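*Asks:* Structure below; questions to follow.
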Amino acid sequence: MKGLKIYNTLSGAKENFEPIHKDMVGMYVCGPTLYSEPHMGNMRTFINFDLVYRYLLHIGYNVKYVRNITDAGHITNSAGQQEDSIGKAARLEALQPLEIVYKYNVRFQNLQKIYNLLPPTIEPTATGHIQEQIEIIEKIIANGFAYEVNGSVYFDVQTYKASYNYGALSGRKVEELENETRELNAQGEKRFFADFALWKKANENDMQIWRSPWGNGNPGWHIECTAMSTKYLGETFDIHGGGLDLKFPHHEDEIAQSCGSSGKSPAKFWMHANMLNVNGKKMSKSLGNFFLPQEIVEGTTDLFDKAYSPNVLRFFMMQSHYRSTLDLTQEALNASEKGLSRLTEALESLENISVSEKSTFDIESIVREFYAAMNDDFNAPILIAALFDGVKKINLIRDGKASISQKDKTLLLTEMQNFVLDVLGLTLEGGQKDNRLKPVMALVLELRQQARSNKDWGTSDLIRDGLKNAGITVKDGKDSTSWK
RNA sequence: GGUCUCGUGGCCGAGUGGCUUAGGCACCGGUCUGCAAAACCGGUUACAGCGGUUCGAAUCCGCUCGAGACCUCCA
């Protein structure tokens with residue numbers, strides 16, 4: 001019992017978290033569909049679950065973290081766009097689906113490094129698990145919850161509904177689902193409008209086709225997650241996560257598939273990360289209001305007039321709770337940039353702070369706040385507030401207005417580093433100064449100090465302005481001058 | 001149309017019955033400083049509206065207005 005509470009979408013309440021197997025946690029998170037570049041909104045979900053992963057590790061769990069890569073079923077043509085006849089003719093330019101996936105996966109993996117995401121234990125692909133998907137479909141059919149029509153297999157929601165609660169996760173009732181006329185040629189094959197495809201018969205245009213007991217085709221939209229989570233984590237595991245937009249139908253259908261095949265609900269805890277908004281609206285490809293994680297780091301997006309480090313983006317996201325929507329604005333990013341800088345600088349100065357006999361503050365209670373915040377459903381904003389409480393104390397001690405004992409200093413330093421670096425996944429950018437630059441700067445600042453001693457303000461300011469143009473800020477302290 | 005969520009001070013954003021100065025940024029005042037910046041200290045501004053429950057509500061209930069999500073691939 002580590003005191004962690006997690007909001008479970010299944011129950012709609014925070015519940016005490018106890019893993020199925022002592023000290024072991026199995027976590028599955030729905031990953032990206034790599035038919036195009038992941039945007040910042042996609043990244044928010046992965047960053048939030050990275051926080052979950054990091055905190056679970058920090059409090060001592062052995063975590064198996066599975067996050068899939070969808071590379072089948074959704075990709076119909078080149079780059080997911082309308083294919084023109086000329087492009088089709090040019091064989092060299094026509095990309096195979098897996099070429100597209102590979103291309104964007106390389107970028108996605110790079111983004112994970114840039115944004116300091118810990119790699120999952122495994123990132124399995126849908127195409128690598130076709131056999132497993134087929135086997136689960138066979139089980140579902142054998143249990144009477146699916147039927148085959150014309151080389152396609154559909155999940156039988158009405159039959160399922162008689163034994164299980166379809167809508168357990170999303171709270172939806174089948175009767176209330178919109179029964180709209182959808183322009184799907186398969187619509188006529190379904191016994192019931194809410195039935196969903198487990199296996200689809202191949203079309204002539206399909207670029208990905210596999211053999212199955214029902215003929216050539218490709219897997220349905222939801223079965224891959226059931227197959228891969230079952231394979232790597234078992235029929236029942238601890239946490240299933242994903243974006244809020246996947247709650248229905250994707251996650252609801254995963255539950256149906258698991259119950260329909262193994263008779264067991266897949267996950268004890270369902271966690272949903274909320275959306276990233278731009279001007280109050282969900283960032284999405286279809287709305288076109290998205291930007292790429294790479295663009296914002298490089299400052300090449302039109303939405304902002306400057307570049308921000310991935311560290312700032314991460315910190316910005318950590319300042320809101322994962323279950324809340326978050327509105328991205330330039331002003332908010334600027335606020336995060338400054339706040340983060342104050343936090344990391346305090347952390348650096350803590351290392352060099354001098355100690356006294358006694359502490360003015362109750363350091364242990366501050367540290368307890370860190371854990372209390374994260375134990376309360378990963379409340380990172382509260383954690384950050386507590387960290388800034390530490391910042392304020394550190395600055396007071398540094399200015400000689402308060403004191404800290406060696407023991408407390410070690411405690412505070414260790415825990416603040418733990419939470420800032422390991423849990424929040426931030427990095428100390430200020431600490432990456434070029435070693436060759438250090439002596440040069442020391443020399444330059446020495447010359448400037450001499451000028452200042454001689455009241456030669458012209459030379460002093462010339463140096464200061466020149467350094468500023470070079471991107472180096474000179475900070476005149478009480479006794480010494482520093483730079484960054 | 002159906003289901004659901006949200007509306008907090010200039011901005012972002014926690015908080016779900018009384019005690020949080022939440023926090024960050026901005027702003028104002030002060031300290032420091034050759035000046036400036038940076039640092040530091042202190043301070044102002046709030047709970048969409050109306051009604052109800054309660055000794056007491058930003059927090060519970062109802063209504064109104066507004067925003068958004070899902071119902072179709074979607075993090």
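If you're wondering about the labels, chains in the structure tokens are A, B, ... by order shown, residues count from 1 in each chain, ligands from 1 in order shown.
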Residues of chain B were defined as contacting chain A if any atom lay at most 8 Å from it, counting only C-alpha atoms (C1' of nucleotides); please report them as a PDB file with N, CA, C and O atoms (P, O5', C5', C4', C3', O3' and C1' of nucleotides), in the first residue's frame.

*Replies:*
ATOM      1  P     G B   2     -32.459  15.935 -27.487  1.00  0.00           P
ATOM      2  O5'   G B   2     -31.579  14.617 -27.288  1.00  0.00           O
ATOM      3  C5'   G B   2     -32.211  13.350 -27.190  1.00  0.00           C
ATOM      4  C4'   G B   2     -31.149  12.281 -27.085  1.00  0.00           C
ATOM      5  C3'   G B   2     -30.193  12.432 -25.922  1.00  0.00           C
ATOM      6  O3'   G B   2     -30.725  11.910 -24.717  1.00  0.00           O
ATOM      7  C1'   G B   2     -28.953  12.030 -27.883  1.00  0.00           C
ATOM      8  P     U B   3     -30.299  12.566 -23.317  1.00  0.00           P
ATOM      9  O5'   U B   3     -28.785  12.083 -23.159  1.00  0.00           O
ATOM     10  C5'   U B   3     -28.498  10.704 -22.942  1.00  0.00           C
ATOM     11  C4'   U B   3     -27.006  10.511 -22.874  1.00  0.00           C
ATOM     12  C3'   U B   3     -26.285  11.374 -21.852  1.00  0.00           C
ATOM     13  O3'   U B   3     -26.373  10.847 -20.543  1.00  0.00           O
ATOM     14  C1'   U B   3     -25.112  11.431 -23.901  1.00  0.00           C
ATOM     15  P     C B  11      -8.623  37.292 -18.235  1.00  0.00           P
ATOM     16  O5'   C B  11      -7.249  36.597 -18.637  1.00  0.00           O
ATOM     17  C5'   C B  11      -6.804  36.602 -19.990  1.00  0.00           C
ATOM     18  C4'   C B  11      -5.544  35.775 -20.110  1.00  0.00           C
ATOM     19  C3'   C B  11      -5.645  34.340 -19.628  1.00  0.00           C
ATOM     20  O3'   C B  11      -6.220  33.483 -20.601  1.00  0.00           O
ATOM     21  C1'   C B  11      -3.701  35.304 -18.726  1.00  0.00           C
ATOM     22  P     C B  12      -7.019  32.193 -20.139  1.00  0.00           P
ATOM     23  O5'   C B  12      -5.867  31.233 -19.578  1.00  0.00           O
ATOM     24  C5'   C B  12      -4.969  30.608 -20.484  1.00  0.00           C
ATOM     25  C4'   C B  12      -3.969  29.789 -19.713  1.00  0.00           C
ATOM     26  C3'   C B  12      -4.530  28.743 -18.766  1.00  0.00           C
ATOM     27  O3'   C B  12      -4.985  27.572 -19.428  1.00  0.00           O
ATOM     28  C1'   C B  12      -2.789  29.879 -17.689  1.00  0.00           C
ATOM     29  P     G B  13      -6.189  26.739 -18.809  1.00  0.00           P
ATOM     30  O5'   G B  13      -5.670  26.379 -17.349  1.00  0.00           O
ATOM     31  C5'   G B  13      -4.519  25.557 -17.155  1.00  0.00           C
ATOM     32  C4'   G B  13      -4.192  25.517 -15.685  1.00  0.00           C
ATOM     33  C3'   G B  13      -5.275  24.926 -14.820  1.00  0.00           C
ATOM     34  O3'   G B  13      -5.176  23.518 -14.838  1.00  0.00           O
ATOM     35  C1'   G B  13      -4.524  26.947 -13.852  1.00  0.00           C
ATOM     36  P     A B  14      -6.351  22.666 -14.179  1.00  0.00           P
ATOM     37  O5'   A B  14      -5.806  22.619 -12.680  1.00  0.00           O
ATOM     38  C5'   A B  14      -6.681  22.305 -11.624  1.00  0.00           C
ATOM     39  C4'   A B  14      -5.879  22.335 -10.357  1.00  0.00           C
ATOM     40  C3'   A B  14      -6.697  21.995  -9.127  1.00  0.00           C
ATOM     41  O3'   A B  14      -6.765  20.595  -8.951  1.00  0.00           O
ATOM     42  C1'   A B  14      -5.464  23.954  -8.729  1.00  0.00           C
ATOM     43  P     A B  22      -5.832  31.911  -1.787  1.00  0.00           P
ATOM     44  O5'   A B  22      -4.680  30.823  -1.864  1.00  0.00           O
ATOM     45  C5'   A B  22      -4.264  30.400  -3.154  1.00  0.00           C
ATOM     46  C4'   A B  22      -3.456  29.159  -2.942  1.00  0.00           C
ATOM     47  C3'   A B  22      -2.099  29.173  -3.618  1.00  0.00           C
ATOM     48  O3'   A B  22      -1.124  29.797  -2.807  1.00  0.00           O
ATOM     49  C1'   A B  22      -3.248  27.194  -4.184  1.00  0.00           C
ATOM     50  P     G B  23      -0.192  30.903  -3.436  1.00  0.00           P
ATOM     51  O5'   G B  23       0.492  30.120  -4.646  1.00  0.00           O
ATOM     52  C5'   G B  23       1.426  29.084  -4.385  1.00  0.00           C
ATOM     53  C4'   G B  23       1.839  28.460  -5.695  1.00  0.00           C
ATOM     54  C3'   G B  23       2.280  29.466  -6.750  1.00  0.00           C
ATOM     55  O3'   G B  23       3.629  29.873  -6.552  1.00  0.00           O
ATOM     56  C1'   G B  23       0.749  27.962  -7.708  1.00  0.00           C
ATOM     57  P     G B  24       4.096  31.295  -7.074  1.00  0.00           P
ATOM     58  O5'   G B  24       4.137  31.104  -8.655  1.00  0.00           O
ATOM     59  C5'   G B  24       5.031  30.161  -9.228  1.00  0.00           C
ATOM     60  C4'   G B  24       4.824  30.112 -10.707  1.00  0.00           C
ATOM     61  C3'   G B  24       4.876  31.458 -11.400  1.00  0.00           C
ATOM     62  O3'   G B  24       6.198  31.896 -11.634  1.00  0.00           O
ATOM     63  C1'   G B  24       2.982  30.281 -12.146  1.00  0.00           C
ATOM     64  P     C B  25       6.562  33.399 -11.466  1.00  0.00           P
ATOM     65  O5'   C B  25       5.841  34.098 -12.702  1.00  0.00           O
ATOM     66  C5'   C B  25       6.240  33.774 -14.023  1.00  0.00           C
ATOM     67  C4'   C B  25       5.259  34.333 -15.010  1.00  0.00           C
ATOM     68  C3'   C B  25       5.045  35.842 -14.963  1.00  0.00           C
ATOM     69  O3'   C B  25       6.088  36.556 -15.593  1.00  0.00           O
ATOM     70  C1'   C B  25       2.966  34.744 -15.185  1.00  0.00           C
ATOM     71  P     C B  32      18.364  49.293  -0.242  1.00  0.00           P
ATOM     72  O5'   C B  32      19.099  48.287  -1.231  1.00  0.00           O
ATOM     73  C5'   C B  32      19.782  47.139  -0.724  1.00  0.00           C
ATOM     74  C4'   C B  32      20.225  46.264  -1.867  1.00  0.00           C
ATOM     75  C3'   C B  32      21.039  46.979  -2.942  1.00  0.00           C
ATOM     76  O3'   C B  32      22.405  47.070  -2.568  1.00  0.00           O
ATOM     77  C1'   C B  32      19.366  45.661  -3.968  1.00  0.00           C
ATOM     78  P     G B  34      26.277  50.432  -7.056  1.00  0.00           P
ATOM     79  O5'   G B  34      25.653  51.492  -8.062  1.00  0.00           O
ATOM     80  C5'   G B  34      25.785  52.880  -7.809  1.00  0.00           C
ATOM     81  C4'   G B  34      25.649  53.619  -9.101  1.00  0.00           C
ATOM     82  C3'   G B  34      24.423  53.233  -9.931  1.00  0.00           C
ATOM     83  O3'   G B  34      23.280  53.938  -9.487  1.00  0.00           O
ATOM     84  C1'   G B  34      26.337  53.283 -11.306  1.00  0.00           C
ATOM     85  P     A B  37      14.834  47.479 -15.121  1.00  0.00           P
ATOM     86  O5'   A B  37      15.424  46.050 -15.504  1.00  0.00           O
ATOM     87  C5'   A B  37      15.270  45.525 -16.826  1.00  0.00           C
ATOM     88  C4'   A B  37      16.151  44.315 -16.992  1.00  0.00           C
ATOM     89  C3'   A B  37      15.864  43.169 -16.031  1.00  0.00           C
ATOM     90  O3'   A B  37      14.791  42.372 -16.462  1.00  0.00           O
ATOM     91  C1'   A B  37      18.179  43.589 -16.076  1.00  0.00           C
ATOM     92  P     A B  38      13.852  41.699 -15.380  1.00  0.00           P
ATOM     93  O5'   A B  38      14.847  40.700 -14.629  1.00  0.00           O
ATOM     94  C5'   A B  38      15.403  39.596 -15.331  1.00  0.00           C
ATOM     95  C4'   A B  38      16.440  38.931 -14.476  1.00  0.00           C
ATOM     96  C3'   A B  38      15.955  38.465 -13.106  1.00  0.00           C
ATOM     97  O3'   A B  38      15.297  37.217 -13.177  1.00  0.00           O
ATOM     98  C1'   A B  38      17.973  39.633 -12.842  1.00  0.00           C
ATOM     99  P     A B  39      14.092  36.919 -12.199  1.00  0.00           P
ATOM    100  O5'   A B  39      14.742  37.007 -10.740  1.00  0.00           O
ATOM    101  C5'   A B  39      15.831  36.159 -10.413  1.00  0.00           C
ATOM    102  C4'   A B  39      16.386  36.495  -9.084  1.00  0.00           C
ATOM    103  C3'   A B  39      15.420  36.548  -7.927  1.00  0.00           C
ATOM    104  O3'   A B  39      14.952  35.273  -7.571  1.00  0.00           O
ATOM    105  C1'   A B  39      17.140  38.135  -7.665  1.00  0.00           C
ATOM    106  P     C B  40      13.504  35.127  -6.981  1.00  0.00           P
ATOM    107  O5'   C B  40      13.597  35.923  -5.605  1.00  0.00           O
ATOM    108  C5'   C B  40      14.408  35.436  -4.541  1.00  0.00           C
ATOM    109  C4'   C B  40      14.439  36.449  -3.432  1.00  0.00           C
ATOM    110  C3'   C B  40      13.082  36.890  -2.911  1.00  0.00           C
ATOM    111  O3'   C B  40      12.552  35.953  -1.985  1.00  0.00           O
ATOM    112  C1'   C B  40      14.391  38.801  -3.289  1.00  0.00           C
ATOM    113  P     A B  67     -21.634  29.885 -27.234  1.00  0.00           P
ATOM    114  O5'   A B  67     -20.424  29.059 -26.608  1.00  0.00           O
ATOM    115  C5'   A B  67     -19.138  29.657 -26.496  1.00  0.00           C
ATOM    116  C4'   A B  67     -18.193  28.697 -25.820  1.00  0.00           C
ATOM    117  C3'   A B  67     -18.057  27.330 -26.463  1.00  0.00           C
ATOM    118  O3'   A B  67     -17.213  27.339 -27.597  1.00  0.00           O
ATOM    119  C1'   A B  67     -18.280  27.069 -24.136  1.00  0.00           C
ATOM    120  P     G B  68     -17.506  26.291 -28.762  1.00  0.00           P
ATOM    121  O5'   G B  68     -16.989  24.925 -28.129  1.00  0.00           O
ATOM    122  C5'   G B  68     -15.620  24.772 -27.799  1.00  0.00           C
ATOM    123  C4'   G B  68     -15.432  23.571 -26.909  1.00  0.00           C
ATOM    124  C3'   G B  68     -15.770  22.217 -27.518  1.00  0.00           C
ATOM    125  O3'   G B  68     -14.751  21.753 -28.382  1.00  0.00           O
ATOM    126  C1'   G B  68     -16.599  22.321 -25.312  1.00  0.00           C
ATOM    127  P     A B  69     -15.134  20.644 -29.465  1.00  0.00           P
ATOM    128  O5'   A B  69     -15.230  19.326 -28.586  1.00  0.00           O
ATOM    129  C5'   A B  69     -14.078  18.822 -27.926  1.00  0.00           C
ATOM    130  C4'   A B  69     -14.424  17.590 -27.149  1.00  0.00           C
ATOM    131  C3'   A B  69     -15.086  16.488 -27.963  1.00  0.00           C
ATOM    132  O3'   A B  69     -14.137  15.702 -28.642  1.00  0.00           O
ATOM    133  C1'   A B  69     -16.306  16.829 -25.974  1.00  0.00           C
ATOM    134  P     C B  70     -14.550  15.001 -30.000  1.00  0.00           P
ATOM    135  O5'   C B  70     -15.526  13.846 -29.520  1.00  0.00           O
ATOM    136  C5'   C B  70     -15.029  12.772 -28.721  1.00  0.00           C
ATOM    137  C4'   C B  70     -16.170  11.897 -28.281  1.00  0.00           C
ATOM    138  C3'   C B  70     -17.084  11.412 -29.392  1.00  0.00           C
ATOM    139  O3'   C B  70     -16.531  10.314 -30.082  1.00  0.00           O
ATOM    140  C1'   C B  70     -18.400  12.208 -27.626  1.00  0.00           C
ATOM    141  P     C B  71     -16.916  10.122 -31.604  1.00  0.00           P
ATOM    142  O5'   C B  71     -18.444   9.687 -31.535  1.00  0.00           O
ATOM    143  C5'   C B  71     -18.802   8.477 -30.884  1.00  0.00           C
ATOM    144  C4'   C B  71     -20.292   8.325 -30.886  1.00  0.00           C
ATOM    145  C3'   C B  71     -20.948   8.375 -32.244  1.00  0.00           C
ATOM    146  O3'   C B  71     -20.836   7.123 -32.888  1.00  0.00           O
ATOM    147  C1'   C B  71     -22.177   9.668 -30.707  1.00  0.00           C
ATOM    148  P     C B  73     -15.111   5.135 -36.771  1.00  0.00           P
ATOM    149  O5'   C B  73     -13.584   5.517 -36.565  1.00  0.00           O
ATOM    150  C5'   C B  73     -12.567   4.759 -37.207  1.00  0.00           C
ATOM    151  C4'   C B  73     -11.348   5.609 -37.372  1.00  0.00           C
ATOM    152  C3'   C B  73     -10.776   6.220 -36.107  1.00  0.00           C
ATOM    153  O3'   C B  73     -10.025   5.266 -35.397  1.00  0.00           O
ATOM    154  C1'   C B  73     -10.783   7.825 -37.812  1.00  0.00           C
ATOM    155  P     C B  74      -9.733   5.525 -33.828  1.00  0.00           P
ATOM    156  O5'   C B  74      -9.254   7.036 -33.651  1.00  0.00           O
ATOM    157  C5'   C B  74      -7.854   7.371 -33.652  1.00  0.00           C
ATOM    158  C4'   C B  74      -7.705   8.856 -33.709  1.00  0.00           C
ATOM    159  C3'   C B  74      -7.582   9.589 -32.378  1.00  0.00           C
ATOM    160  O3'   C B  74      -6.272   9.785 -31.909  1.00  0.00           O
ATOM    161  C1'   C B  74      -9.085  10.708 -33.828  1.00  0.00           C
ATOM    162  P     A B  75      -4.866   9.421 -32.650  1.00  0.00           P
ATOM    163  O5'   A B  75      -4.021   9.876 -31.405  1.00  0.00           O
ATOM    164  C5'   A B  75      -3.496   8.912 -30.491  1.00  0.00           C
ATOM    165  C4'   A B  75      -3.853   9.334 -29.077  1.00  0.00           C
ATOM    166  C3'   A B  75      -5.339   9.394 -28.825  1.00  0.00           C
ATOM    167  O3'   A B  75      -5.838   8.131 -28.502  1.00  0.00           O
ATOM    168  C1'   A B  75      -4.317  11.349 -28.014  1.00  0.00           C
TER     169        A B  75
END

*Asks:* Please give the complete set of residues from range 3-135 of chain A that DSSP, run on the backbone, assigns to strand (DSSP E or B), formatted as a ChimeraX atom specification.

*Replies:* /A:5-8,13-16,21,24-29,33,62-67,69-70,122,125

*Asks:* Using DSSP on the backbone coordinates, identify the residues of range 188-312 of chain A assigned to alpha helix (DSSP H); present them as a PyMOL selection string.

*Replies:* chain A and resi 223-233+252-262+293-298+310-312

*Asks:* CA of Asp305 in chain A and CA of Asn289 in chain A, how far apart in Å?

*Replies:* 16.3 Å

*Asks:* Mind checking which residues fall within 9 Å of range 157-159 of chain A, counting only C-alpha atoms (C1' of nucleotides), ignoring those fewer than 2 positions away in the same chain, and posting them as a PDB file with C-alpha atoms, in the first residue's frame?

*Replies:*
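Written out: out_12.pdb:
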ATOM      1  CA  GLY A 144     -21.397 -16.557 -29.669  1.00  0.00           C
ATOM      2  CA  PHE A 145     -20.655 -12.851 -29.537  1.00  0.00           C
ATOM      3  CA  ALA A 146     -19.672 -12.396 -33.154  1.00  0.00           C
ATOM      4  CA  TYR A 154     -18.888  -8.350 -36.716  1.00  0.00           C
ATOM      5  CA  PHE A 155     -19.252  -8.113 -32.995  1.00  0.00           C
ATOM      6  CA  LYS A 161     -25.748  -6.856 -24.159  1.00  0.00           C
ATOM      7  CA  ALA A 162     -27.809  -9.722 -22.760  1.00  0.00           C
ATOM      8  CA  SER A 163     -24.843 -10.992 -20.711  1.00  0.00           C
ATOM      9  CA  TYR A 164     -22.672  -7.931 -20.208  1.00  0.00           C
ATOM     10  CA  TYR A 166     -22.204  -2.593 -23.067  1.00  0.00           C
ATOM     11  CA  VAL A 174     -27.142   1.532 -27.111  1.00  0.00           C
ATOM     12  CA  ARG A 191     -27.435  -7.370 -37.834  1.00  0.00           C
ATOM     13  CA  PHE A 192     -27.573  -4.313 -35.620  1.00  0.00           C
ATOM     14  CA  PHE A 193     -26.393  -0.788 -36.292  1.00  0.00           C
ATOM     15  CA  ALA A 194     -24.100  -0.713 -33.255  1.00  0.00           C
ATOM     16  CA  ASP A 195     -22.262  -3.876 -34.248  1.00  0.00           C
ATOM     17  CA  PHE A 196     -18.649  -3.181 -35.057  1.00  0.00           C
ATOM     18  CA  ALA A 256     -16.582  -5.966 -25.076  1.00  0.00           C
TER      19      ALA A 256
END

*Asks:* Considering only C-alpha atoms (C1' of nucleotides), return as number ranges by chain whatever protein or nucleic-acid residues lie within 6 Å of range 199-203 of chain A, sequence-local ones (same chain, fewer than 6 positions apart) excluded.

*Replies:* A: 151-153, 216-220

*Asks:* Excluding Leu462 in chain A and residues on its chain fewer than 3 positions from it, collect all residues at most 12 Å away from it, counting only C-alpha atoms (C1' of nucleotides), and give them as a count of residues only.

*Replies:* 16

*Asks:* Just give me the gap between CA of Glu415 in chain A and CA of Leu347 in chain A in Å, one decimal is fine.

*Replies:*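 It comes out at 10.7 Å.
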
*Asks:* Would you kindly return, as a list in words, each protein, DNA or RNA residue with an atom no farther than 12 Å from any atom of Tyr115 in chain A, considering only C-alpha atoms (C1' of nucleotides) and excluding same-chain residues fewer than 5 positions away?

*Replies:*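 Everything that qualifies: Met40, Met43, Arg44, Phe46, Ile47, Asn48, Asp50, Leu51, Phe108, Gln109, Asn110, Pro293, Gln294, Ile296, Val297, Tyr308, Ser309, Pro310, Asn311, Val312, Leu313, Arg314, Phe315, Met317, Leu424, Gly425, Leu426 and Thr427 of chain A.
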
*Asks:* Pick the closest to Tyr102 in chain A from A:Asn279, A:Thr125, A:Thr9, A:Ser480: which is it, counting only C-alpha atoms?

*Replies:*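 Checking each candidate against Tyr102 in chain A, we get A:Thr125 as the closest.
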
*Asks:* Work out how far C1' of G66 in chain B is from C1' of C6 in chain B, in Å to one decimal.

*Replies:*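 A separation of 10.5 Å between them.
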
*Asks:* Which residue is closest to Asn143 in chain A? Choose from A:Tyr104, A:Trp270, A:Tyr160, A:Phe419 and count only C-alpha atoms.

*Replies:*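 That would be A:Tyr160, the residue with the smallest distance to Asn143 in chain A.
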
*Asks:* Rank nothing, just name the residue among A:Ser460, A:Asn352, A:Asn205, A:Ser265 nearest to Asn165 in chain A, using only C-alpha atoms.

*Replies:*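 Of A:Ser460, A:Asn352, A:Asn205, A:Ser265, the one nearest Asn165 in chain A is A:Ser265, counting only C-alpha atoms.
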
*Asks:* Please provide the set of residues having any atom within 12 Å of C63 in chain B, restricted to only C-alpha atoms (C1' of nucleotides), with same-chain residues fewer than 4 positions apart removed, written as a ChimeraX atom specification.

*Replies:* /B:49-52

*Asks:* Could you write out the selected residues, including N, CA and C atoms (P, O5', C5', C4', C3', O3' and C1' of nucleotides), as a PDB file, in the first residue's frame?

*Replies:*
ATOM      1  P     G B  49     -21.554  35.305 -11.161  1.00  0.00           P
ATOM      2  O5'   G B  49     -22.989  35.460 -11.820  1.00  0.00           O
ATOM      3  C5'   G B  49     -23.321  36.640 -12.548  1.00  0.00           C
ATOM      4  C4'   G B  49     -24.754  36.549 -13.004  1.00  0.00           C
ATOM      5  C3'   G B  49     -25.754  36.236 -11.897  1.00  0.00           C
ATOM      6  O3'   G B  49     -26.158  37.411 -11.226  1.00  0.00           O
ATOM      7  C1'   G B  49     -26.132  34.794 -13.728  1.00  0.00           C
ATOM      8  P     C B  50     -26.604  37.290  -9.679  1.00  0.00           P
ATOM      9  O5'   C B  50     -28.005  36.534  -9.765  1.00  0.00           O
ATOM     10  C5'   C B  50     -29.139  37.169 -10.348  1.00  0.00           C
ATOM     11  C4'   C B  50     -30.289  36.196 -10.421  1.00  0.00           C
ATOM     12  C3'   C B  50     -30.674  35.527  -9.100  1.00  0.00           C
ATOM     13  O3'   C B  50     -31.473  36.361  -8.282  1.00  0.00           O
ATOM     14  C1'   C B  50     -30.592  33.904 -10.811  1.00  0.00           C
ATOM     15  P     G B  51     -31.374  36.141  -6.707  1.00  0.00           P
ATOM     16  O5'   G B  51     -32.051  34.718  -6.491  1.00  0.00           O
ATOM     17  C5'   G B  51     -33.484  34.610  -6.508  1.00  0.00           C
ATOM     18  C4'   G B  51     -33.878  33.156  -6.504  1.00  0.00           C
ATOM     19  C3'   G B  51     -33.579  32.349  -5.241  1.00  0.00           C
ATOM     20  O3'   G B  51     -34.478  32.604  -4.185  1.00  0.00           O
ATOM     21  C1'   G B  51     -33.042  31.062  -7.146  1.00  0.00           C
ATOM     22  P     G B  52     -34.001  32.301  -2.676  1.00  0.00           P
ATOM     23  O5'   G B  52     -33.875  30.709  -2.639  1.00  0.00           O
ATOM     24  C5'   G B  52     -35.055  29.904  -2.715  1.00  0.00           C
ATOM     25  C4'   G B  52     -34.668  28.445  -2.758  1.00  0.00           C
ATOM     26  C3'   G B  52     -33.992  27.891  -1.511  1.00  0.00           C
ATOM     27  O3'   G B  52     -34.917  27.605  -0.484  1.00  0.00           O
ATOM     28  C1'   G B  52     -32.875  27.103  -3.446  1.00  0.00           C
TER      29        G B  52
END

*Asks:* For Pro124 in chain A, which residue among A:Thr301, A:Asn375, A:Asn68, A:Asn105 is the nearest when counting only C-alpha atoms?

*Replies:*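 Result for the nearest residue to Pro124 in chain A: A:Asn68.
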